[in-house]
>>> print(open('model-v3.pdb').read())   # PDB, C-alpha atoms and all ligand atoms
ATOM      1  CA  MET A   1     -22.212  -5.373   9.495
ATOM      2  CA  GLN A   2     -19.334  -7.273   7.892
ATOM      3  CA  VAL A   3     -21.216  -9.800   5.747
ATOM      4  CA  LEU A   4     -18.092 -11.881   5.011
ATOM      5  CA  ALA A   5     -16.583 -11.899   8.522
ATOM      6  CA  GLN A   6     -14.638 -15.110   9.296
ATOM      7  CA  LYS A   7     -14.657 -16.175   5.621
ATOM      8  CA  ILE A   8     -11.419 -17.175   3.919
ATOM      9  CA  ILE A   9     -11.525 -16.497   0.162
ATOM     10  CA  LEU A  10      -8.979 -17.285  -2.561
ATOM     11  CA  ILE A  11      -8.979 -14.998  -5.606
ATOM     12  CA  THR A  12      -6.886 -16.016  -8.605
ATOM     13  CA  GLY A  13      -5.281 -13.199 -10.592
ATOM     14  CA  ALA A  14      -5.777 -10.649  -7.824
ATOM     15  CA  SER A  15      -2.569  -8.624  -8.200
ATOM     16  CA  ARG A  16      -4.339  -6.065 -10.396
ATOM     17  CA  GLY A  17      -7.439  -5.357 -12.498
ATOM     18  CA  ILE A  18     -10.788  -6.884 -11.567
ATOM     19  CA  GLY A  19      -9.219  -9.437  -9.194
ATOM     20  CA  ALA A  20      -7.560  -6.747  -7.087
ATOM     21  CA  ALA A  21     -10.863  -4.830  -6.813
ATOM     22  CA  ILE A  22     -12.597  -8.050  -5.718
ATOM     23  CA  ALA A  23      -9.912  -8.681  -3.090
ATOM     24  CA  ARG A  24     -10.234  -5.130  -1.709
ATOM     25  CA  GLN A  25     -14.037  -5.334  -1.512
ATOM     26  CA  LEU A  26     -14.055  -8.799   0.097
ATOM     27  CA  ALA A  27     -11.486  -7.727   2.684
ATOM     28  CA  ALA A  28     -13.528  -4.587   3.447
ATOM     29  CA  ALA A  29     -16.516  -6.880   4.061
ATOM     30  CA  GLY A  30     -14.502  -8.824   6.646
ATOM     31  CA  ALA A  31     -13.037 -11.733   4.655
ATOM     32  CA  SER A  32      -9.398 -12.805   4.797
ATOM     33  CA  VAL A  33      -8.209 -12.957   1.204
ATOM     34  CA  ILE A  34      -5.532 -14.905  -0.624
ATOM     35  CA  ILE A  35      -4.153 -12.825  -3.487
ATOM     36  CA  ASN A  36      -2.953 -15.228  -6.162
ATOM     37  CA  TYR A  37      -0.832 -13.859  -9.019
ATOM     38  CA  ALA A  38       1.284 -15.207 -11.888
ATOM     39  CA  GLY A  39       4.382 -13.001 -11.987
ATOM     40  CA  ARG A  40       3.838  -9.397 -10.973
ATOM     41  CA  GLN A  41       4.890  -9.666  -7.342
ATOM     42  CA  ALA A  42       5.176  -5.910  -6.785
ATOM     43  CA  GLU A  43       1.536  -5.407  -7.784
ATOM     44  CA  ALA A  44       0.397  -8.352  -5.642
ATOM     45  CA  ASP A  45       2.324  -6.944  -2.659
ATOM     46  CA  GLN A  46       0.797  -3.513  -3.272
ATOM     47  CA  THR A  47      -2.720  -5.010  -3.206
ATOM     48  CA  VAL A  48      -1.887  -6.776   0.077
ATOM     49  CA  GLN A  49      -0.505  -3.519   1.547
ATOM     50  CA  THR A  50      -3.602  -1.547   0.500
ATOM     51  CA  ILE A  51      -5.847  -4.103   2.190
ATOM     52  CA  ARG A  52      -3.760  -4.227   5.379
ATOM     53  CA  ALA A  53      -3.580  -0.414   5.543
ATOM     54  CA  ALA A  54      -7.389  -0.385   5.536
ATOM     55  CA  GLY A  55      -7.443  -2.866   8.442
ATOM     56  CA  GLY A  56      -8.020  -6.017   6.388
ATOM     57  CA  GLU A  57      -6.225  -9.357   6.210
ATOM     58  CA  ALA A  58      -4.502 -10.610   3.037
ATOM     59  CA  LEU A  59      -1.764 -12.970   1.879
ATOM     60  CA  ALA A  60      -0.111 -13.038  -1.577
ATOM     61  CA  VAL A  61       0.699 -16.445  -3.129
ATOM     62  CA  ARG A  62       2.347 -16.849  -6.514
ATOM     63  CA  ALA A  63       1.087 -19.722  -8.699
ATOM     64  CA  ASP A  64       0.438 -20.183 -12.409
ATOM     65  CA  VAL A  65      -3.135 -21.509 -12.480
ATOM     66  CA  SER A  66      -2.431 -23.461 -15.674
ATOM     67  CA  GLN A  67       0.005 -25.702 -13.754
ATOM     68  CA  PRO A  68      -1.717 -28.389 -11.638
ATOM     69  CA  ALA A  69       1.202 -28.785  -9.212
ATOM     70  CA  GLN A  70       1.347 -25.029  -8.591
ATOM     71  CA  VAL A  71      -2.408 -24.930  -7.974
ATOM     72  CA  ALA A  72      -2.118 -27.812  -5.495
ATOM     73  CA  ARG A  73       0.589 -25.834  -3.679
ATOM     74  CA  LEU A  74      -1.580 -22.693  -3.772
ATOM     75  CA  PHE A  75      -4.338 -24.578  -1.925
ATOM     76  CA  GLU A  76      -1.828 -26.139   0.503
ATOM     77  CA  GLU A  77      -0.304 -22.751   1.389
ATOM     78  CA  SER A  78      -3.734 -21.138   1.748
ATOM     79  CA  LEU A  79      -4.989 -23.906   4.043
ATOM     80  CA  ALA A  80      -1.743 -23.994   6.041
ATOM     81  CA  HIS A  81      -2.029 -20.250   6.659
ATOM     82  CA  TYR A  82      -5.755 -19.852   7.325
ATOM     83  CA  GLY A  83      -6.953 -23.375   8.217
ATOM     84  CA  HIS A  84      -9.984 -23.537   5.931
ATOM     85  CA  LEU A  85     -11.302 -22.128   2.678
ATOM     86  CA  ASP A  86     -14.848 -20.789   2.201
ATOM     87  CA  GLY A  87     -14.650 -19.092  -1.167
ATOM     88  CA  LEU A  88     -12.890 -19.312  -4.525
ATOM     89  CA  VAL A  89     -12.944 -16.710  -7.300
ATOM     90  CA  ASN A  90     -11.550 -17.994 -10.597
ATOM     91  CA  ASN A  91     -10.730 -14.564 -11.974
ATOM     92  CA  ALA A  92      -7.282 -15.182 -13.542
ATOM     93  CA  GLY A  93      -7.481 -14.997 -17.317
ATOM     94  CA  ILE A  94      -5.787 -13.822 -20.471
ATOM     95  CA  MET A  95      -7.230 -12.521 -23.738
ATOM     96  CA  LEU A  96      -5.517 -12.886 -27.124
ATOM     97  CA  THR A  97      -7.608 -11.425 -29.937
ATOM     98  CA  LYS A  98      -6.848 -12.518 -33.502
ATOM     99  CA  PRO A  99      -8.856 -13.816 -36.451
ATOM    100  CA  VAL A 100      -8.951 -17.614 -36.474
ATOM    101  CA  GLN A 101      -6.683 -17.763 -39.530
ATOM    102  CA  ALA A 102      -3.965 -15.766 -37.729
ATOM    103  CA  THR A 103      -4.172 -17.656 -34.427
ATOM    104  CA  THR A 104      -1.111 -19.833 -33.846
ATOM    105  CA  ASP A 105      -1.051 -23.204 -32.104
ATOM    106  CA  GLU A 106       0.786 -21.494 -29.240
ATOM    107  CA  ASP A 107      -1.915 -18.776 -28.963
ATOM    108  CA  PHE A 108      -4.630 -21.424 -28.854
ATOM    109  CA  THR A 109      -2.867 -23.596 -26.277
ATOM    110  CA  ARG A 110      -1.910 -20.696 -23.996
ATOM    111  CA  GLN A 111      -5.430 -19.269 -24.053
ATOM    112  CA  PHE A 112      -6.994 -22.629 -23.162
ATOM    113  CA  ASP A 113      -4.286 -23.472 -20.610
ATOM    114  CA  VAL A 114      -4.852 -20.336 -18.533
ATOM    115  CA  ASN A 115      -8.599 -19.781 -18.944
ATOM    116  CA  VAL A 116      -9.963 -23.347 -19.064
ATOM    117  CA  ARG A 117      -7.297 -25.586 -17.544
ATOM    118  CA  GLY A 118      -6.628 -22.909 -14.913
ATOM    119  CA  THR A 119     -10.289 -22.897 -13.865
ATOM    120  CA  PHE A 120     -10.438 -26.701 -14.032
ATOM    121  CA  ASN A 121      -7.310 -27.022 -11.855
ATOM    122  CA  THR A 122      -8.715 -24.904  -9.032
ATOM    123  CA  LEU A 123     -12.178 -26.503  -9.199
ATOM    124  CA  ARG A 124     -10.605 -29.958  -8.893
ATOM    125  CA  GLU A 125      -8.746 -28.881  -5.748
ATOM    126  CA  ALA A 126     -11.816 -27.100  -4.368
ATOM    127  CA  ALA A 127     -13.932 -30.251  -4.803
ATOM    128  CA  THR A 128     -12.200 -31.841  -1.825
ATOM    129  CA  ARG A 129     -10.469 -28.957  -0.051
ATOM    130  CA  MET A 130     -13.099 -26.253   0.188
ATOM    131  CA  ALA A 131     -15.308 -26.175   3.290
ATOM    132  CA  ASP A 132     -18.919 -27.368   3.141
ATOM    133  CA  GLY A 133     -21.245 -24.448   2.463
ATOM    134  CA  GLY A 134     -18.629 -22.516   0.461
ATOM    135  CA  SER A 135     -19.112 -20.432  -2.684
ATOM    136  CA  ILE A 136     -17.313 -20.335  -6.022
ATOM    137  CA  VAL A 137     -17.398 -17.658  -8.732
ATOM    138  CA  ASN A 138     -15.950 -18.374 -12.185
ATOM    139  CA  PHE A 139     -15.270 -15.844 -14.940
ATOM    140  CA  SER A 140     -16.756 -15.767 -18.432
ATOM    141  CA  SER A 141     -17.238 -12.692 -20.659
ATOM    142  CA  SER A 142     -20.239 -10.966 -22.227
ATOM    143  CA  VAL A 143     -18.479 -11.286 -25.575
ATOM    144  CA  VAL A 144     -19.578 -14.953 -25.524
ATOM    145  CA  ARG A 145     -23.105 -13.655 -26.256
ATOM    146  CA  VAL A 146     -22.170 -11.106 -28.949
ATOM    147  CA  ALA A 147     -19.472 -13.249 -30.661
ATOM    148  CA  LEU A 148     -17.336 -10.477 -32.182
ATOM    149  CA  PRO A 149     -14.689 -11.138 -34.869
ATOM    150  CA  THR A 150     -11.155 -11.848 -33.490
ATOM    151  CA  TYR A 151     -12.560 -13.161 -30.188
ATOM    152  CA  GLY A 152     -13.019 -16.760 -31.421
ATOM    153  CA  THR A 153     -10.482 -18.570 -29.252
ATOM    154  CA  TYR A 154     -11.192 -16.361 -26.236
ATOM    155  CA  VAL A 155     -14.953 -16.920 -26.335
ATOM    156  CA  ALA A 156     -14.376 -20.644 -26.872
ATOM    157  CA  THR A 157     -12.448 -20.722 -23.576
ATOM    158  CA  LYS A 158     -15.127 -18.723 -21.770
ATOM    159  CA  ALA A 159     -17.977 -20.865 -23.154
ATOM    160  CA  ALA A 160     -16.099 -23.883 -21.759
ATOM    161  CA  VAL A 161     -15.885 -22.170 -18.347
ATOM    162  CA  GLU A 162     -19.650 -21.533 -18.450
ATOM    163  CA  GLN A 163     -20.331 -25.237 -19.022
ATOM    164  CA  LEU A 164     -17.869 -26.282 -16.305
ATOM    165  CA  THR A 165     -19.805 -23.960 -13.971
ATOM    166  CA  ARG A 166     -23.155 -25.628 -14.691
ATOM    167  CA  VAL A 167     -21.800 -29.156 -14.251
ATOM    168  CA  PHE A 168     -19.611 -28.457 -11.202
ATOM    169  CA  ALA A 169     -22.550 -26.768  -9.412
ATOM    170  CA  LYS A 170     -24.398 -30.105  -9.605
ATOM    171  CA  GLU A 171     -21.348 -32.085  -8.473
ATOM    172  CA  VAL A 172     -20.655 -30.096  -5.284
ATOM    173  CA  GLY A 173     -24.202 -29.047  -4.416
ATOM    174  CA  ALA A 174     -24.520 -31.931  -1.952
ATOM    175  CA  ARG A 175     -21.850 -30.189   0.159
ATOM    176  CA  GLY A 176     -23.795 -26.918   0.126
ATOM    177  CA  ILE A 177     -21.317 -25.234  -2.228
ATOM    178  CA  ASN A 178     -22.866 -22.920  -4.842
ATOM    179  CA  VAL A 179     -21.038 -22.216  -8.105
ATOM    180  CA  ASN A 180     -21.783 -19.297 -10.410
ATOM    181  CA  CYS A 181     -20.125 -17.518 -13.305
ATOM    182  CA  VAL A 182     -19.854 -13.767 -13.872
ATOM    183  CA  ALA A 183     -19.699 -12.429 -17.439
ATOM    184  CA  PRO A 184     -18.344  -8.857 -17.505
ATOM    185  CA  GLY A 185     -18.629  -6.545 -20.480
ATOM    186  CA  PRO A 186     -15.632  -4.393 -21.546
ATOM    187  CA  THR A 187     -13.953  -3.296 -18.316
ATOM    188  CA  ASN A 188     -11.257  -0.696 -17.730
ATOM    189  CA  THR A 189      -8.209  -2.924 -17.075
ATOM    190  CA  GLU A 190      -4.956  -3.679 -18.846
ATOM    191  CA  LEU A 191      -6.446  -6.861 -20.332
ATOM    192  CA  PHE A 192      -8.987  -4.801 -22.265
ATOM    193  CA  THR A 193      -7.348  -1.421 -22.917
ATOM    194  CA  GLN A 194      -3.748  -2.415 -23.698
ATOM    195  CA  GLY A 195      -2.881  -1.782 -27.336
ATOM    196  CA  LYS A 196      -6.378  -0.516 -28.251
ATOM    197  CA  PRO A 197      -6.777   2.837 -30.019
ATOM    198  CA  ALA A 198      -9.090   5.379 -28.363
ATOM    199  CA  GLU A 199     -11.753   4.844 -31.066
ATOM    200  CA  ALA A 200     -11.907   1.106 -30.343
ATOM    201  CA  ILE A 201     -12.320   1.803 -26.631
ATOM    202  CA  ALA A 202     -15.084   4.331 -27.372
ATOM    203  CA  ARG A 203     -16.894   1.759 -29.559
ATOM    204  CA  ALA A 204     -16.695  -0.786 -26.751
ATOM    205  CA  ALA A 205     -17.948   1.778 -24.229
ATOM    206  CA  ALA A 206     -20.980   2.333 -26.467
ATOM    207  CA  PHE A 207     -22.000  -1.343 -26.026
ATOM    208  CA  SER A 208     -23.295  -0.421 -22.574
ATOM    209  CA  ALA A 209     -26.499   1.545 -22.154
ATOM    210  CA  PHE A 210     -24.485   4.013 -20.058
ATOM    211  CA  ASN A 211     -21.898   4.655 -22.790
ATOM    212  CA  ARG A 212     -18.878   3.854 -20.629
ATOM    213  CA  LEU A 213     -16.570   0.967 -19.864
ATOM    214  CA  GLY A 214     -17.173  -1.017 -16.709
ATOM    215  CA  GLU A 215     -14.830  -0.318 -13.812
ATOM    216  CA  PRO A 216     -13.286  -3.192 -11.818
ATOM    217  CA  ASP A 217     -15.435  -2.233  -8.804
ATOM    218  CA  ASP A 218     -18.624  -2.622 -10.908
ATOM    219  CA  ILE A 219     -17.740  -6.295 -11.408
ATOM    220  CA  ALA A 220     -16.451  -6.779  -7.859
ATOM    221  CA  HIS A 221     -19.814  -5.722  -6.357
ATOM    222  CA  LEU A 222     -21.551  -8.645  -8.083
ATOM    223  CA  VAL A 223     -18.809 -11.118  -7.161
ATOM    224  CA  SER A 224     -18.920  -9.949  -3.541
ATOM    225  CA  PHE A 225     -22.668 -10.560  -3.369
ATOM    226  CA  LEU A 226     -22.331 -14.058  -4.880
ATOM    227  CA  LEU A 227     -19.924 -14.983  -2.066
ATOM    228  CA  THR A 228     -22.367 -14.037   0.705
ATOM    229  CA  ASP A 229     -24.771 -16.482   2.350
ATOM    230  CA  ALA A 230     -27.629 -14.333   0.986
ATOM    231  CA  ALA A 231     -26.738 -15.553  -2.542
ATOM    232  CA  LYS A 232     -26.835 -19.268  -1.714
ATOM    233  CA  TRP A 233     -29.984 -19.941  -3.753
ATOM    234  CA  VAL A 234     -28.284 -18.466  -6.838
ATOM    235  CA  ASN A 235     -26.507 -21.531  -8.210
ATOM    236  CA  GLY A 236     -25.219 -22.740 -11.588
ATOM    237  CA  GLN A 237     -25.943 -19.361 -13.193
ATOM    238  CA  ILE A 238     -24.120 -17.211 -15.750
ATOM    239  CA  ILE A 239     -24.696 -13.582 -14.758
ATOM    240  CA  GLY A 240     -23.793 -10.582 -16.918
ATOM    241  CA  ALA A 241     -22.254  -7.417 -15.455
ATOM    242  CA  ASN A 242     -22.074  -5.170 -18.483
ATOM    243  CA  GLY A 243     -24.236  -2.049 -18.208
ATOM    244  CA  GLY A 244     -26.913  -3.574 -20.429
ATOM    245  CA  MET A 245     -24.679  -4.728 -23.276
ATOM    246  CA  ALA A 246     -26.180  -8.194 -23.857
TER     247      ALA A 246
HETATM  248  P1  LIG B 301      -5.879  -8.166 -16.059
HETATM  249  O1  LIG B 301      -5.041  -8.482 -17.233
HETATM  250  O2  LIG B 301      -6.036  -6.746 -15.604
HETATM  251  O3  LIG B 301      -5.356  -9.011 -14.778
HETATM  252  C1  LIG B 301      -5.127 -10.366 -14.959
HETATM  253  C2  LIG B 301      -4.794 -11.013 -13.636
HETATM  254  O4  LIG B 301      -4.678 -12.433 -13.867
HETATM  255  C3  LIG B 301      -3.465 -10.574 -13.057
HETATM  256  O5  LIG B 301      -3.562 -10.575 -11.646
HETATM  257  C4  LIG B 301      -2.484 -11.660 -13.520
HETATM  258  O6  LIG B 301      -1.364 -11.851 -12.642
HETATM  259  C5  LIG B 301      -3.405 -12.870 -13.439
HETATM  260  N1  LIG B 301      -2.970 -14.003 -14.267
HETATM  261  C6  LIG B 301      -2.777 -14.036 -15.613
HETATM  262  N2  LIG B 301      -2.372 -15.262 -15.980
HETATM  263  C7  LIG B 301      -2.306 -16.010 -14.851
HETATM  264  C8  LIG B 301      -1.922 -17.342 -14.568
HETATM  265  N3  LIG B 301      -1.535 -18.175 -15.541
HETATM  266  N4  LIG B 301      -1.955 -17.770 -13.272
HETATM  267  C9  LIG B 301      -2.334 -16.934 -12.275
HETATM  268  N5  LIG B 301      -2.727 -15.659 -12.491
HETATM  269  C10 LIG B 301      -2.697 -15.210 -13.754
HETATM  270  O7  LIG B 301      -7.310  -8.833 -16.350
HETATM  271  P2  LIG B 301      -8.806  -8.382 -15.933
HETATM  272  O8  LIG B 301      -8.829  -7.954 -14.533
HETATM  273  O9  LIG B 301      -9.340  -7.498 -16.969
HETATM  274  O10 LIG B 301      -9.582  -9.781 -16.115
HETATM  275  C11 LIG B 301     -10.008 -10.586 -15.044
HETATM  276  C12 LIG B 301     -10.983 -11.623 -15.582
HETATM  277  O11 LIG B 301     -12.107 -10.975 -16.153
HETATM  278  C13 LIG B 301     -10.387 -12.511 -16.698
HETATM  279  O12 LIG B 301     -10.846 -13.846 -16.528
HETATM  280  C14 LIG B 301     -10.988 -11.910 -17.971
HETATM  281  O13 LIG B 301     -11.063 -12.847 -19.021
HETATM  282  C15 LIG B 301     -12.351 -11.487 -17.459
HETATM  283  N6  LIG B 301     -12.984 -10.449 -18.268
HETATM  284  C16 LIG B 301     -12.372  -9.218 -18.406
HETATM  285  C17 LIG B 301     -12.982  -8.255 -19.189
HETATM  286  C18 LIG B 301     -12.360  -6.905 -19.407
HETATM  287  O14 LIG B 301     -12.841  -6.177 -20.285
HETATM  288  N7  LIG B 301     -11.336  -6.523 -18.661
HETATM  289  C19 LIG B 301     -14.276  -8.507 -19.867
HETATM  290  C20 LIG B 301     -14.808  -9.825 -19.639
HETATM  291  C21 LIG B 301     -14.174 -10.742 -18.867
HETATM  292  P3  LIG B 301       0.025 -10.998 -12.853
HETATM  293  O15 LIG B 301      -0.288  -9.590 -12.427
HETATM  294  O16 LIG B 301       0.996 -11.647 -11.924
HETATM  295  O17 LIG B 301       0.377 -11.096 -14.291
END
>>> encode(input="model-v3.pdb", output="structure tokens", more="lines below")
Ligand code: NDP
Amino acid sequence: MQVLAQKIILITGASRGIGAAIARQLAAAGASVIINYAGRQAEADQTVQTIRAAGGEALAVRADVSQPAQVARLFEESLAHYGHLDGLVNNAGIMLTKPVQATTDEDFTRQFDVNVRGTFNTLREAATRMADGGSIVNFSSSVVRVALPTYGTYVATKAAVEQLTRVFAKEVGARGINVNCVAPGPTNTELFTQGKPAEAIARAAAFSAFNRLGEPDDIAHLVSFLLTDAAKWVNGQIIGANGGMA
């Protein structure tokens, strides 16, 4: 049975990494997916091709989530193409790790613009443009709970996303929309592995009880469930997907 048949779901940052795995899983479960991306068109097109080759339906739309006008256009194009919107996954994010004293104004602004303003921008559109009974999944990180050095600005953005999740769930609940937040542990994507020595990756893998990094599909399984009707009573929650890290 295709549990997401007839559903139209927008995933931000779905050209690669966790977002691409989410898009593939949702499409395999019967949803039509909108693959948002910031700049890497070739990777977005590849994700669309992979989904279509497997018999699924997907559309790539470029938009920088930190820009309100681009997010408004993203919703307009999605609705013009598919007619309605049942799901939103706020997966797009960036991670800049530096001690507070080395973090520049530009680092701080960029991090908040993409992770917090980006999530805010799509939620504001979804408040009026998503169908009644829809589902939203935001993205935090398990590092919010363990508060490691150099992650200060990043965890500040993700803590803000967690609070937006709790409040927005209460604002749109009357329309039957549930809103949750997934908090992955270290996951095997460019965001986490780029520039890290093998020892640092091994230390991060040891945070999980299984002594490995998460894979994008590990996170996508949870997101996929949260978008089904079976998850409707799960609402306003922050849910870890981290192999037992925290
Ligand atoms: P990746 O770096 O692998 O992929 C990031 C995706 O976000 C890409 O599709 C990229 O598009 C897109 N993106 C970046 N900036 C923007 C923007 N301004 N507007 C639109 N899209 C944008 O990241 P991950 O898959 O690892 O991360 C996904 C989410 O999971 C993030 O929110 C991250 O914070 C969170 N997370 C990740 C963890 C990890 O260890 N990987 C752990 C905990 C949380 P493009 O390809 O065009 O650049």
>>> resolve_selection(input="model-v3.pdb", expression="the PyMOL selection byres (((chain A and resi 125) around 10) and not hetatm)", output="list in words")
Pro68, Val71, Ala72, Leu74, Phe75, Glu76, Phe120, Asn121, Thr122, Leu123, Arg124, Ala126, Ala127, Thr128, Arg129 and Met130 of chain A
>>> closest_residue(input="model-v3.pdb", among="A:Gly214, A:Gly83, A:Gly13, A:Gly30", to="Gly118 in chain A", atoms="all atoms listed in the file")
A:Gly13
>>> resolve_selection(input="model-v3.pdb", expression="the PyMOL selection byres (((chain A and resi 175) around 12) and not hetatm)", output="list in words")
Asp86, Ala126, Ala127, Thr128, Arg129, Met130, Ala131, Asp132, Gly133, Gly134, Ser135, Phe168, Ala169, Lys170, Glu171, Val172, Gly173, Ala174, Gly176, Ile177, Asn178 and Val179 of chain A
>>> resolve_selection(input="model-v3.pdb", expression="the PyMOL selection byres (((chain A and resi 239) around 10) and not hetatm)", output="PyMOL selection string")
chain A and resi 139-142+180-184+222-223+234+236-238+240-242
>>> atom_distance(input="model-v3.pdb", atom1="CA of Ile8 in chain A", atom2="atom C17 of ligand LIG 301 (chain B)")
24.8 Å
>>> axis_aligned_box(input="model-v3.pdb", around="ligand LIG 301 (chain B)", padding_each_side="8 Å", output="AutoDock Vina command-line options")
--center_x -6.9 --center_y -12.2 --center_z -16.0 --size_x 31.8 --size_y 28.0 --size_z 24.6
>>> residues_near_ligand(input="model-v3.pdb", ligand="ligand LIG 301 (chain B)", cutoff="8 Å", atoms="all atoms listed in the file", output="VMD selection string")
chain A and resid 12 to 20 36 to 41 43 to 44 62 to 67 90 to 95 113 to 115 118 139 to 143 158 183 to 193 214 216
>>> atom_distance(input="model-v3.pdb", atom1="CA of Gly244 in chain A", atom2="CA of Phe207 in chain A")
7.8 Å
>>> closest_residue(input="model-v3.pdb", among="A:Trp233, A:Phe225, A:Tyr154, A:Phe112", to="Ile22 in chain A", atoms="only C-alpha atoms")
A:Phe225
>>> atom_distance(input="model-v3.pdb", atom1="CA of Ala23 in chain A", atom2="CA of Ile51 in chain A")
8.1 Å
>>> closest_residue(input="model-v3.pdb", among="A:Tyr82, A:Ala202, A:Leu227, A:Arg24", to="Asn138 in chain A", atoms="only C-alpha atoms")
A:Leu227
>>> closest_residue(input="model-v3.pdb", among="A:Val155, A:Ile34, A:Ala60, A:Ile11", to="Gln46 in chain A", atoms="all atoms listed in the file")
A:Ala60
>>> residues_near_point(input="model-v3.pdb", point="(-15.1, -12.3, 12.3)", cutoff="10 Å", atoms="only C-alpha atoms", output="PyMOL selection string")
chain A and resi 2-7+29-32
